[in-house]
$ cat run.txt   # compact mmCIF, C-alpha atoms
# COMPACT_ATOMS: atom_id res chain seq x y z
CA MET A 1 27.43 -2.44 -18.26
CA ALA A 2 27.24 -6.18 -18.77
CA ASN A 3 30.51 -8.02 -19.34
CA ASN A 4 29.61 -9.50 -22.73
CA LYS A 5 28.90 -6.03 -24.08
CA LYS A 6 32.20 -4.74 -22.75
CA LYS A 7 34.14 -7.20 -24.96
CA ASN A 8 32.91 -5.51 -28.13
CA LEU A 9 34.32 -2.13 -27.11
CA THR A 10 37.70 -0.81 -28.21
CA PRO A 11 40.41 -0.40 -25.54
CA VAL A 12 39.89 3.37 -25.57
CA GLN A 13 36.20 2.96 -24.98
CA GLN A 14 36.86 0.50 -22.18
CA GLU A 15 39.23 2.94 -20.61
CA TYR A 16 36.62 5.65 -20.83
CA GLN A 17 34.04 3.36 -19.22
CA GLN A 18 36.43 2.75 -16.35
CA PHE A 19 37.14 6.49 -16.01
CA GLN A 20 33.46 7.32 -16.04
CA SER A 21 32.36 4.68 -13.54
CA GLU A 22 34.99 5.87 -11.06
CA ARG A 23 33.90 9.51 -11.24
CA GLU A 24 30.14 9.08 -11.56
CA VAL A 25 28.18 10.33 -8.54
CA LYS A 26 26.62 7.38 -6.74
CA ARG A 27 22.83 7.48 -6.49
CA PRO A 28 21.65 7.53 -2.85
CA VAL A 29 19.26 4.62 -3.46
CA VAL A 30 18.44 3.80 0.16
CA LYS A 31 17.85 7.45 1.01
CA ASN A 32 15.60 7.81 -2.04
CA CYS A 33 13.67 4.71 -1.00
CA ILE A 34 13.09 6.07 2.49
CA LYS A 35 11.94 9.45 1.14
CA ALA A 36 9.61 7.75 -1.35
CA PHE A 37 8.25 5.50 1.40
CA PHE A 38 7.33 8.36 3.69
CA VAL A 39 5.96 10.78 1.08
CA GLY A 40 4.03 7.97 -0.62
CA GLY A 41 2.66 6.99 2.77
CA LEU A 42 1.66 10.58 3.46
CA ILE A 43 -0.26 10.76 0.17
CA CYS A 44 -2.05 7.52 1.06
CA LEU A 45 -2.87 8.95 4.51
CA ILE A 46 -4.52 11.95 2.87
CA GLY A 47 -6.42 9.53 0.61
CA GLN A 48 -7.56 7.60 3.68
CA PHE A 49 -8.84 10.81 5.25
CA ILE A 50 -10.83 11.60 2.12
CA GLN A 51 -12.24 8.06 2.01
CA THR A 52 -13.29 8.26 5.66
CA PHE A 53 -14.88 11.64 4.94
CA PHE A 54 -16.94 10.07 2.15
CA ILE A 55 -17.97 7.13 4.35
CA TYR A 56 -19.09 9.35 7.22
CA ASN A 57 -20.81 12.10 5.23
CA PHE A 58 -22.23 10.42 2.13
CA ASP A 59 -23.94 7.14 1.23
CA PHE A 60 -20.71 5.28 0.43
CA THR A 61 -19.61 1.99 1.97
CA GLU A 62 -15.96 0.95 2.35
CA GLN A 63 -16.38 -0.92 -0.94
CA THR A 64 -17.80 1.97 -2.93
CA ALA A 65 -15.95 4.91 -1.35
CA GLY A 66 -12.83 4.07 -3.36
CA ASN A 67 -14.15 5.55 -6.62
CA PRO A 68 -14.82 9.12 -5.47
CA THR A 69 -11.63 9.03 -3.39
CA VAL A 70 -9.50 8.24 -6.44
CA ALA A 71 -11.26 10.96 -8.44
CA VAL A 72 -10.64 13.57 -5.73
CA MET A 73 -6.98 12.56 -5.30
CA ILE A 74 -6.34 12.84 -9.04
CA PHE A 75 -8.13 16.19 -9.15
CA ILE A 76 -6.02 17.56 -6.28
CA ALA A 77 -2.82 16.34 -7.96
CA MET A 78 -3.92 18.03 -11.22
CA LEU A 79 -4.49 21.33 -9.45
CA LEU A 80 -1.16 21.09 -7.63
CA THR A 81 0.61 20.31 -10.93
CA GLY A 82 -0.97 23.38 -12.50
CA PHE A 83 0.20 25.55 -9.62
CA GLY A 84 3.71 24.08 -9.86
CA VAL A 85 3.67 22.55 -6.37
CA TYR A 86 3.60 18.90 -7.38
CA ASP A 87 6.85 19.24 -9.38
CA ARG A 88 8.71 20.33 -6.26
CA LEU A 89 7.22 17.47 -4.28
CA ALA A 90 8.21 15.02 -7.04
CA GLN A 91 11.74 16.42 -7.06
CA PHE A 92 12.03 15.51 -3.40
CA ALA A 93 10.04 12.28 -3.23
CA GLY A 94 10.65 10.66 -6.63
CA ALA A 95 8.70 7.41 -6.89
CA GLY A 96 6.80 8.26 -3.73
CA SER A 97 4.82 10.85 -5.67
CA ALA A 98 4.74 9.01 -9.02
CA VAL A 99 3.50 5.58 -7.95
CA PRO A 100 0.28 6.59 -6.12
CA VAL A 101 -2.68 7.52 -8.31
CA THR A 102 -1.77 11.21 -7.92
CA GLY A 103 1.18 10.54 -10.25
CA PHE A 104 -1.36 9.80 -12.97
CA GLY A 105 -2.95 13.24 -12.62
CA ASN A 106 0.50 14.80 -12.70
CA ALA A 107 1.42 12.89 -15.88
CA VAL A 108 -1.72 14.10 -17.68
CA ILE A 109 -1.48 17.76 -16.74
CA SER A 110 2.28 18.16 -17.09
CA ALA A 111 2.09 16.80 -20.65
CA ALA A 112 -0.82 19.16 -21.37
CA ILE A 113 1.15 22.15 -20.07
CA GLU A 114 4.26 21.15 -21.97
CA HIS A 115 2.51 21.02 -25.36
CA ARG A 116 0.29 24.07 -24.83
CA SER A 117 2.27 26.10 -27.37
CA GLU A 118 1.37 23.65 -30.16
CA GLY A 119 -2.33 24.53 -29.99
CA LEU A 120 -5.35 23.23 -28.15
CA ILE A 121 -6.29 20.27 -30.37
CA LEU A 122 -3.01 18.94 -31.77
CA GLY A 123 -0.93 20.19 -28.85
CA VAL A 124 -2.86 19.76 -25.61
CA GLY A 125 -5.47 17.27 -26.87
CA GLY A 126 -3.03 15.12 -28.79
CA ASN A 127 -0.31 14.97 -26.19
CA MET A 128 -2.27 14.99 -22.93
CA PHE A 129 -2.34 11.21 -22.69
CA LYS A 130 1.13 10.68 -24.11
CA LEU A 131 2.36 9.06 -20.91
CA ALA A 132 -0.95 8.44 -19.16
CA GLY A 133 -2.29 6.61 -22.21
CA SER A 134 0.20 3.81 -21.74
CA VAL A 135 -0.82 3.60 -18.07
CA ILE A 136 -4.50 3.28 -19.01
CA MET A 137 -3.68 0.72 -21.71
CA SER A 138 -1.58 -1.41 -19.34
CA GLY A 139 -4.27 -1.20 -16.68
CA VAL A 140 -7.04 -2.29 -19.03
CA PHE A 141 -4.92 -5.08 -20.46
CA ALA A 142 -3.87 -6.35 -17.01
CA ALA A 143 -7.50 -6.25 -15.85
CA PHE A 144 -8.51 -8.24 -18.94
CA ILE A 145 -5.87 -10.92 -18.27
CA VAL A 146 -6.81 -11.19 -14.58
CA ALA A 147 -10.51 -11.43 -15.45
CA LEU A 148 -9.72 -14.14 -17.99
CA ILE A 149 -7.77 -16.16 -15.41
CA LYS A 150 -10.53 -15.73 -12.84
CA THR A 151 -13.20 -16.80 -15.31
CA LEU A 152 -11.22 -19.90 -16.24
CA LEU A 153 -10.64 -20.78 -12.56
CA ILE A 154 -14.36 -20.40 -11.82
CA GLN A 155 -15.21 -22.54 -14.84
CA TRP A 156 -12.90 -25.27 -13.58
CA GLY A 157 -14.39 -25.01 -10.11
CA ALA A 158 -11.19 -23.94 -8.39
CA LEU A 159 -12.74 -20.82 -6.86
CA MET B 160 21.60 -3.57 -3.47
CA LYS B 161 19.88 -6.71 -4.66
CA LYS B 162 20.48 -8.33 -1.29
CA ILE B 163 18.92 -5.40 0.57
CA MET B 164 15.88 -5.47 -1.69
CA THR B 165 15.52 -9.24 -1.27
CA GLY B 166 15.85 -8.75 2.49
CA ILE B 167 13.11 -6.11 2.55
CA LEU B 168 10.83 -8.26 0.42
CA MET B 169 11.39 -11.30 2.65
CA LEU B 170 10.70 -9.22 5.75
CA ALA B 171 7.50 -7.80 4.27
CA TYR B 172 6.38 -11.29 3.29
CA LEU B 173 7.09 -12.80 6.71
CA LEU B 174 5.44 -9.94 8.59
CA GLY B 175 2.40 -10.05 6.31
CA CYS B 176 1.80 -13.75 6.83
CA GLN B 177 1.92 -13.58 10.58
CA ALA B 178 -1.08 -11.31 10.86
CA GLY B 179 -3.68 -14.03 11.45
CA GLY B 180 -1.84 -15.68 14.33
CA ASN B 181 -2.14 -13.52 17.40
CA GLU B 182 -5.46 -13.37 19.12
CA GLU B 183 -6.09 -10.59 21.53
CA THR B 184 -8.90 -10.48 23.98
CA GLN B 185 -10.86 -7.41 23.08
CA GLU B 186 -12.76 -5.31 25.51
CA MET B 187 -16.38 -6.09 24.87
CA ASN B 188 -18.80 -3.25 24.54
CA GLU B 189 -22.09 -4.01 26.19
CA PRO B 190 -25.12 -4.15 23.90
CA MET B 191 -26.86 -0.81 23.75
CA GLN B 192 -29.87 -0.68 26.06
CA MET B 193 -33.08 -0.63 24.08
CA ALA B 194 -36.27 1.01 25.21
CA SER B 195 -38.81 -1.70 26.01
CA ASN B 196 -41.10 -0.82 23.17
CA ASN B 197 -43.51 -3.57 22.22
CA LYS B 198 -43.88 -2.26 18.70
CA LEU B 199 -40.20 -2.80 17.95
CA ASN B 200 -39.32 -6.14 19.44
CA GLN B 201 -35.54 -6.45 19.39
CA ALA B 202 -35.16 -9.62 21.47
CA VAL B 203 -33.80 -11.53 18.49
CA SER B 204 -31.24 -8.84 17.89
CA GLU B 205 -30.05 -8.92 21.46
CA GLN B 206 -29.81 -12.71 21.34
CA ALA B 207 -27.79 -12.57 18.10
CA ASP B 208 -25.58 -9.87 19.57
CA ARG B 209 -24.76 -11.96 22.64
CA SER B 210 -24.15 -15.23 20.83
CA LEU B 211 -21.88 -13.66 18.18
CA ARG B 212 -19.86 -11.75 20.76
CA ASN B 213 -19.30 -14.85 22.89
CA LYS B 214 -18.22 -17.11 20.07
CA ASN B 215 -15.99 -14.78 18.06
CA ASN B 216 -13.22 -12.27 18.42
CA LEU B 217 -15.11 -9.11 17.51
CA THR B 218 -14.56 -5.52 18.56
CA ASP B 219 -18.23 -4.58 18.25
CA VAL B 220 -21.56 -5.96 17.07
CA GLN B 221 -24.71 -3.98 16.34
CA VAL B 222 -27.87 -5.82 15.35
CA VAL B 223 -31.35 -4.71 14.31
CA ASN B 224 -34.29 -6.74 13.12
CA ASP B 225 -37.86 -6.40 11.95
CA ASP B 226 -40.36 -9.23 11.45
CA LYS B 227 -38.49 -10.90 8.64
CA GLN B 228 -35.02 -9.47 8.35
CA LEU B 229 -32.00 -9.46 10.63
CA LEU B 230 -29.17 -7.05 9.91
CA ILE B 231 -25.89 -7.65 11.72
CA ALA B 232 -23.08 -5.10 11.52
CA ALA B 233 -19.89 -6.38 13.13
CA GLN B 234 -16.42 -4.92 13.46
CA ILE B 235 -13.33 -7.12 13.60
CA PRO B 236 -9.86 -6.36 15.01
CA HIS B 237 -7.76 -4.49 12.45
CA ASN B 238 -5.13 -7.21 12.04
CA GLU B 239 -7.83 -9.68 10.98
CA ARG B 240 -9.09 -7.54 8.11
CA LEU B 241 -6.88 -9.59 5.77
CA HIS B 242 -9.23 -12.54 6.29
CA MET B 243 -12.39 -10.44 6.05
CA LYS B 244 -14.14 -12.55 3.43
CA ARG B 245 -13.66 -15.81 5.34
CA ILE B 246 -14.74 -14.25 8.64
CA GLU B 247 -17.82 -12.76 7.01
CA LYS B 248 -18.76 -16.14 5.60
CA ASP B 249 -18.26 -17.88 8.97
CA LEU B 250 -20.27 -15.32 10.91
CA THR B 251 -23.10 -15.37 8.36
CA LYS B 252 -23.25 -19.15 8.62
CA GLN B 253 -23.38 -19.00 12.42
CA ALA B 254 -26.17 -16.42 12.37
CA GLU B 255 -28.17 -18.27 9.72
CA GLU B 256 -27.99 -21.51 11.69
CA LYS B 257 -29.10 -19.78 14.85
CA PHE B 258 -31.96 -17.81 13.27
CA PRO B 259 -33.34 -19.86 10.38
CA LYS B 260 -36.66 -17.97 10.43
CA TYR B 261 -35.01 -14.66 9.57
CA GLN B 262 -33.38 -13.45 6.43
CA VAL B 263 -29.89 -12.74 7.77
CA THR B 264 -27.63 -10.05 6.30
CA LEU B 265 -24.20 -9.66 7.84
CA SER B 266 -21.75 -6.92 7.01
CA LEU B 267 -18.30 -6.05 8.32
CA ASP B 268 -18.43 -2.68 6.60
CA LYS B 269 -17.77 0.44 8.64
CA LYS B 270 -20.57 2.37 6.95
CA ILE B 271 -23.22 -0.25 7.76
CA HIS B 272 -21.98 -0.32 11.36
CA LEU B 273 -22.33 3.46 11.60
CA GLU B 274 -25.80 3.45 10.06
CA VAL B 275 -27.02 0.63 12.33
CA MET B 276 -25.77 2.55 15.36
CA LYS B 277 -27.67 5.64 14.19
CA LEU B 278 -30.79 3.54 13.63
CA LYS B 279 -30.53 2.01 17.11
CA LYS B 280 -30.19 5.46 18.62
CA LYS B 281 -33.34 6.55 16.83
CA MET B 282 -35.12 3.45 18.12
CA ALA B 283 -33.98 4.10 21.67
CA GLU B 284 -35.30 7.64 21.42
CA GLY B 285 -38.55 6.27 20.04
CA THR B 286 -38.55 8.49 16.97
CA ILE B 287 -39.03 5.66 14.48
CA ASP B 288 -41.98 3.35 13.91
CA ARG B 289 -42.21 -0.17 12.56
CA LYS B 290 -42.84 0.83 8.96
CA LYS B 291 -39.95 3.28 8.87
CA LEU B 292 -37.69 0.69 10.49
CA SER B 293 -38.46 -1.85 7.78
CA LYS B 294 -37.84 0.75 5.10
CA GLU B 295 -34.54 1.78 6.67
CA LEU B 296 -33.50 -1.88 7.00
CA ASP B 297 -34.23 -2.45 3.32
CA ARG B 298 -32.11 0.58 2.44
CA LEU B 299 -29.19 -0.60 4.57
CA ILE B 300 -29.32 -4.15 3.21
CA LYS B 301 -29.32 -2.76 -0.32
CA LEU B 302 -26.39 -0.49 0.58
CA SER B 303 -24.40 -3.37 2.06
CA LYS B 304 -24.72 -5.32 -1.18
CA GLU B 305 -23.55 -2.49 -3.43
CA LYS B 306 -20.31 -3.24 -5.25
CA THR B 307 -19.54 -0.15 -7.30

$ encode --input "run.txt" --output "structure tokens"
Amino acid sequence: MANNKKKNLTPVQQEYQQFQSEREVKRPVVKNCIKAFFVGGLICLIGQFIQTFFIYNFDFTEQTAGNPTVAVMIFIAMLLTGFGVYDRLAQFAGAGSAVPVTGFGNAVISAAIEHRSEGLILGVGGNMFKLAGSVIMSGVFAAFIVALIKTLLIQWGAL
Amino acid sequence: MKKIMTGILMLAYLLGCQAGGNEETQEMNEPMQMASNNKLNQAVSEQADRSLRNKNNLTDVQVVNDDKQLLIAAQIPHNERLHMKRIEKDLTKQAEEKFPKYQVTLSLDKKIHLEVMKLKKKMAEGTIDRKKLSKELDRLIKLSKEKT
């Protein structure tokens, strides 16, 4: 906790803070990073295989093969979430399974499963994009800002 | 923790920026032998192949042409893929200067490279005529310009 916040606490609270920080289990941050690095890399490797498959077997170039690859990766992650496999993977890998696009599929389906008991429309339909909605919104907004900057740069002749 | 993260970021940055520096001499694949078929004159392609290979650091070049169009599919060393756009521009300029009579299309895409190799194999076997070649070239050029 930041020092300026600590000053507002009573002595008992400060003592408790001290007590707690001594006993709290330290997070193995470096270990988590390494796990996330390798599992995330593995997911990307699978994605690369799928992309190469599309390039070799269908009429997709390196430029255009990205779209079907993303769709297939999300679909696989959705299936694995439904079967309960992705949760175990996420437990082990943490950010390594949440940051790649497969994490998006997991976020959609896990929310849908969670709210299944509330009905199909208000439960599943209403809550499916509870977390993924913010991802989509941020993505669209970021794309808008980048496009705006690019347009301005082109207008000024910098690009 | 912050220091470790800063260290990793610095390392990634330094390693990433070094990629353009080292030039390796790549083993050059010889141009594929073409059947001497008068209908499909590929002399221009062979000339383009040789001149591009000699001047640039490329892992492979495959070229086909018909009467008007020249399609070049080149592959660059993996560590130079970061500068793909610039390299593509340079190579296109070189080819256009050398063959002003042809409409030059240059692609560094893997798919175009694969398709051009298939096309050349068909030509070597003699299973494709001039009309089909032009049609196939049009298709590949269209494919190489696709964005989405």

$ residues_near_point --input "run.txt" --point "(-39.2, -3.8, 14.3)" --cutoff "8 Å" --atoms "only C-alpha atoms" --output "ChimeraX atom specification"
/B:198-201,223-226,288-290,292-293

$ residues_near_point --input "run.txt" --point "(13.8, 9.6, -4.1)" --cutoff "7 Å" --atoms "all atoms listed in the file" --output "PDB file with C-alpha atoms, in the frame of the given file"
ATOM      1  CA  LYS A  31      17.850   7.450   1.010  1.00  0.00           C
ATOM      2  CA  ASN A  32      15.600   7.810  -2.040  1.00  0.00           C
ATOM      3  CA  CYS A  33      13.670   4.710  -1.000  1.00  0.00           C
ATOM      4  CA  LYS A  35      11.940   9.450   1.140  1.00  0.00           C
ATOM      5  CA  ALA A  36       9.610   7.750  -1.350  1.00  0.00           C
ATOM      6  CA  PHE A  92      12.030  15.510  -3.400  1.00  0.00           C
ATOM      7  CA  ALA A  93      10.040  12.280  -3.230  1.00  0.00           C
ATOM      8  CA  GLY A  94      10.650  10.660  -6.630  1.00  0.00           C
ATOM      9  CA  ALA A  95       8.700   7.410  -6.890  1.00  0.00           C
TER      10      ALA A  95
END

$ closest_residue --input "run.txt" --among "B:Leu267, B:Ala233, B:Val203, B:Leu296" --to "chain A" --atoms "only C-alpha atoms"
B:Leu267

$ residues_around --input "run.txt" --residues "Lys301 of chain B" --least-positions-apart "6" --cutoff "12 Å" --atoms "all atoms listed in the file" --output "ChimeraX atom specification"
/A:59-61 /B:230,264-266,271,294-295

$ closest_residue --input "run.txt" --among "B:Lys269, B:Tyr261, B:Glu256, B:Leu250" --to "Gln234 of chain B" --atoms "all atoms listed in the file"
B:Lys269

$ atom_distance --input "run.txt" --atom1 "atom CA of Lys304 of chain B" --atom2 "atom CA of Glu62 of chain A"
11.3 Å

$ interface_residues --input "run.txt" --of "chain A" --to "chain B" --cutoff "10 Å" --atoms "only C-alpha atoms" --output "PyMOL selection string"
chain A and resi 29-30+52+54-67

$ residues_around --input "run.txt" --residues "Leu79 of chain A" --least-positions-apart "5" --cutoff "12 Å" --atoms "only C-alpha atoms" --output "VMD selection string"
chain A and resid 72 to 74 84 to 87 102 105 to 106 108 to 110

$ write_last_selection --input "run.txt" --atoms "C-alpha atoms" --output "PDB file, keeping the file's coordinate frame"
ATOM      1  CA  VAL A  72     -10.640  13.570  -5.730  1.00  0.00           C
ATOM      2  CA  MET A  73      -6.980  12.560  -5.300  1.00  0.00           C
ATOM      3  CA  ILE A  74      -6.340  12.840  -9.040  1.00  0.00           C
ATOM      4  CA  GLY A  84       3.710  24.080  -9.860  1.00  0.00           C
ATOM      5  CA  VAL A  85       3.670  22.550  -6.370  1.00  0.00           C
ATOM      6  CA  TYR A  86       3.600  18.900  -7.380  1.00  0.00           C
ATOM      7  CA  ASP A  87       6.850  19.240  -9.380  1.00  0.00           C
ATOM      8  CA  THR A 102      -1.770  11.210  -7.920  1.00  0.00           C
ATOM      9  CA  GLY A 105      -2.950  13.240 -12.620  1.00  0.00           C
ATOM     10  CA  ASN A 106       0.500  14.800 -12.700  1.00  0.00           C
ATOM     11  CA  VAL A 108      -1.720  14.100 -17.680  1.00  0.00           C
ATOM     12  CA  ILE A 109      -1.480  17.760 -16.740  1.00  0.00           C
ATOM     13  CA  SER A 110       2.280  18.160 -17.090  1.00  0.00           C
TER      14      SER A 110
END

$ atom_distance --input "run.txt" --atom1 "atom CA of Gln262 of chain B" --atom2 "atom CA of Lys281 of chain B"
22.5 Å

$ decode --input "run.txt" --residues "segment 203-224 of chain B" --atoms "N, CA and C atoms" --output "PDB file, in the first residue's frame"
ATOM      1  N   VAL B 203      12.537 -13.730 -70.643  1.00  0.00           N
ATOM      2  CA  VAL B 203      12.478 -12.541 -69.782  1.00  0.00           C
ATOM      3  C   VAL B 203      12.476 -12.961 -68.320  1.00  0.00           C
ATOM      4  N   SER B 204      11.727 -14.006 -68.034  1.00  0.00           N
ATOM      5  CA  SER B 204      11.658 -14.485 -66.659  1.00  0.00           C
ATOM      6  C   SER B 204      13.018 -14.934 -66.158  1.00  0.00           C
ATOM      7  N   GLU B 205      13.719 -15.681 -67.025  1.00  0.00           N
ATOM      8  CA  GLU B 205      15.032 -16.167 -66.603  1.00  0.00           C
ATOM      9  C   GLU B 205      16.002 -15.017 -66.377  1.00  0.00           C
ATOM     10  N   GLN B 206      15.894 -14.009 -67.259  1.00  0.00           N
ATOM     11  CA  GLN B 206      16.750 -12.824 -67.119  1.00  0.00           C
ATOM     12  C   GLN B 206      16.444 -12.108 -65.800  1.00  0.00           C
ATOM     13  N   ALA B 207      15.170 -11.932 -65.501  1.00  0.00           N
ATOM     14  CA  ALA B 207      14.762 -11.254 -64.264  1.00  0.00           C
ATOM     15  C   ALA B 207      15.234 -12.046 -63.052  1.00  0.00           C
ATOM     16  N   ASP B 208      15.068 -13.361 -63.136  1.00  0.00           N
ATOM     17  CA  ASP B 208      15.502 -14.259 -62.069  1.00  0.00           C
ATOM     18  C   ASP B 208      16.984 -14.043 -61.757  1.00  0.00           C
ATOM     19  N   ARG B 209      17.805 -14.081 -62.818  1.00  0.00           N
ATOM     20  CA  ARG B 209      19.256 -13.960 -62.620  1.00  0.00           C
ATOM     21  C   ARG B 209      19.631 -12.598 -62.035  1.00  0.00           C
ATOM     22  N   SER B 210      19.068 -11.547 -62.609  1.00  0.00           N
ATOM     23  CA  SER B 210      19.491 -10.201 -62.191  1.00  0.00           C
ATOM     24  C   SER B 210      19.067  -9.924 -60.752  1.00  0.00           C
ATOM     25  N   LEU B 211      17.869 -10.396 -60.357  1.00  0.00           N
ATOM     26  CA  LEU B 211      17.417 -10.157 -58.980  1.00  0.00           C
ATOM     27  C   LEU B 211      18.233 -10.961 -57.974  1.00  0.00           C
ATOM     28  N   ARG B 212      18.550 -12.192 -58.345  1.00  0.00           N
ATOM     29  CA  ARG B 212      19.351 -13.039 -57.454  1.00  0.00           C
ATOM     30  C   ARG B 212      20.726 -12.433 -57.219  1.00  0.00           C
ATOM     31  N   ASN B 213      21.343 -11.929 -58.305  1.00  0.00           N
ATOM     32  CA  ASN B 213      22.708 -11.408 -58.181  1.00  0.00           C
ATOM     33  C   ASN B 213      22.774 -10.152 -57.343  1.00  0.00           C
ATOM     34  N   LYS B 214      21.747  -9.308 -57.468  1.00  0.00           N
ATOM     35  CA  LYS B 214      21.831  -8.004 -56.808  1.00  0.00           C
ATOM     36  C   LYS B 214      21.391  -8.021 -55.357  1.00  0.00           C
ATOM     37  N   ASN B 215      20.538  -8.999 -55.000  1.00  0.00           N
ATOM     38  CA  ASN B 215      19.918  -8.942 -53.669  1.00  0.00           C
ATOM     39  C   ASN B 215      20.163 -10.216 -52.867  1.00  0.00           C
ATOM     40  N   ASN B 216      19.913 -10.069 -51.572  1.00  0.00           N
ATOM     41  CA  ASN B 216      20.041 -11.198 -50.676  1.00  0.00           C
ATOM     42  C   ASN B 216      18.689 -11.904 -50.575  1.00  0.00           C
ATOM     43  N   LEU B 217      18.461 -12.855 -51.500  1.00  0.00           N
ATOM     44  CA  LEU B 217      17.169 -13.539 -51.533  1.00  0.00           C
ATOM     45  C   LEU B 217      17.384 -15.039 -51.382  1.00  0.00           C
ATOM     46  N   THR B 218      16.434 -15.703 -50.718  1.00  0.00           N
ATOM     47  CA  THR B 218      16.581 -17.153 -50.587  1.00  0.00           C
ATOM     48  C   THR B 218      16.091 -17.867 -51.837  1.00  0.00           C
ATOM     49  N   ASP B 219      15.074 -17.299 -52.507  1.00  0.00           N
ATOM     50  CA  ASP B 219      14.597 -17.923 -53.737  1.00  0.00           C
ATOM     51  C   ASP B 219      13.825 -16.910 -54.572  1.00  0.00           C
ATOM     52  N   VAL B 220      13.900 -17.084 -55.888  1.00  0.00           N
ATOM     53  CA  VAL B 220      13.093 -16.251 -56.788  1.00  0.00           C
ATOM     54  C   VAL B 220      12.446 -17.154 -57.825  1.00  0.00           C
ATOM     55  N   GLN B 221      11.169 -16.976 -58.058  1.00  0.00           N
ATOM     56  CA  GLN B 221      10.469 -17.702 -59.120  1.00  0.00           C
ATOM     57  C   GLN B 221       9.751 -16.669 -59.972  1.00  0.00           C
ATOM     58  N   VAL B 222       9.988 -16.722 -61.282  1.00  0.00           N
ATOM     59  CA  VAL B 222       9.392 -15.714 -62.162  1.00  0.00           C
ATOM     60  C   VAL B 222       8.650 -16.386 -63.311  1.00  0.00           C
ATOM     61  N   VAL B 223       7.490 -15.848 -63.653  1.00  0.00           N
ATOM     62  CA  VAL B 223       6.808 -16.269 -64.884  1.00  0.00           C
ATOM     63  C   VAL B 223       6.345 -15.023 -65.621  1.00  0.00           C
ATOM     64  N   ASN B 224       6.226 -15.161 -66.937  1.00  0.00           N
ATOM     65  CA  ASN B 224       5.727 -14.020 -67.705  1.00  0.00           C
ATOM     66  C   ASN B 224       4.873 -14.504 -68.864  1.00  0.00           C
TER      67      ASN B 224
END
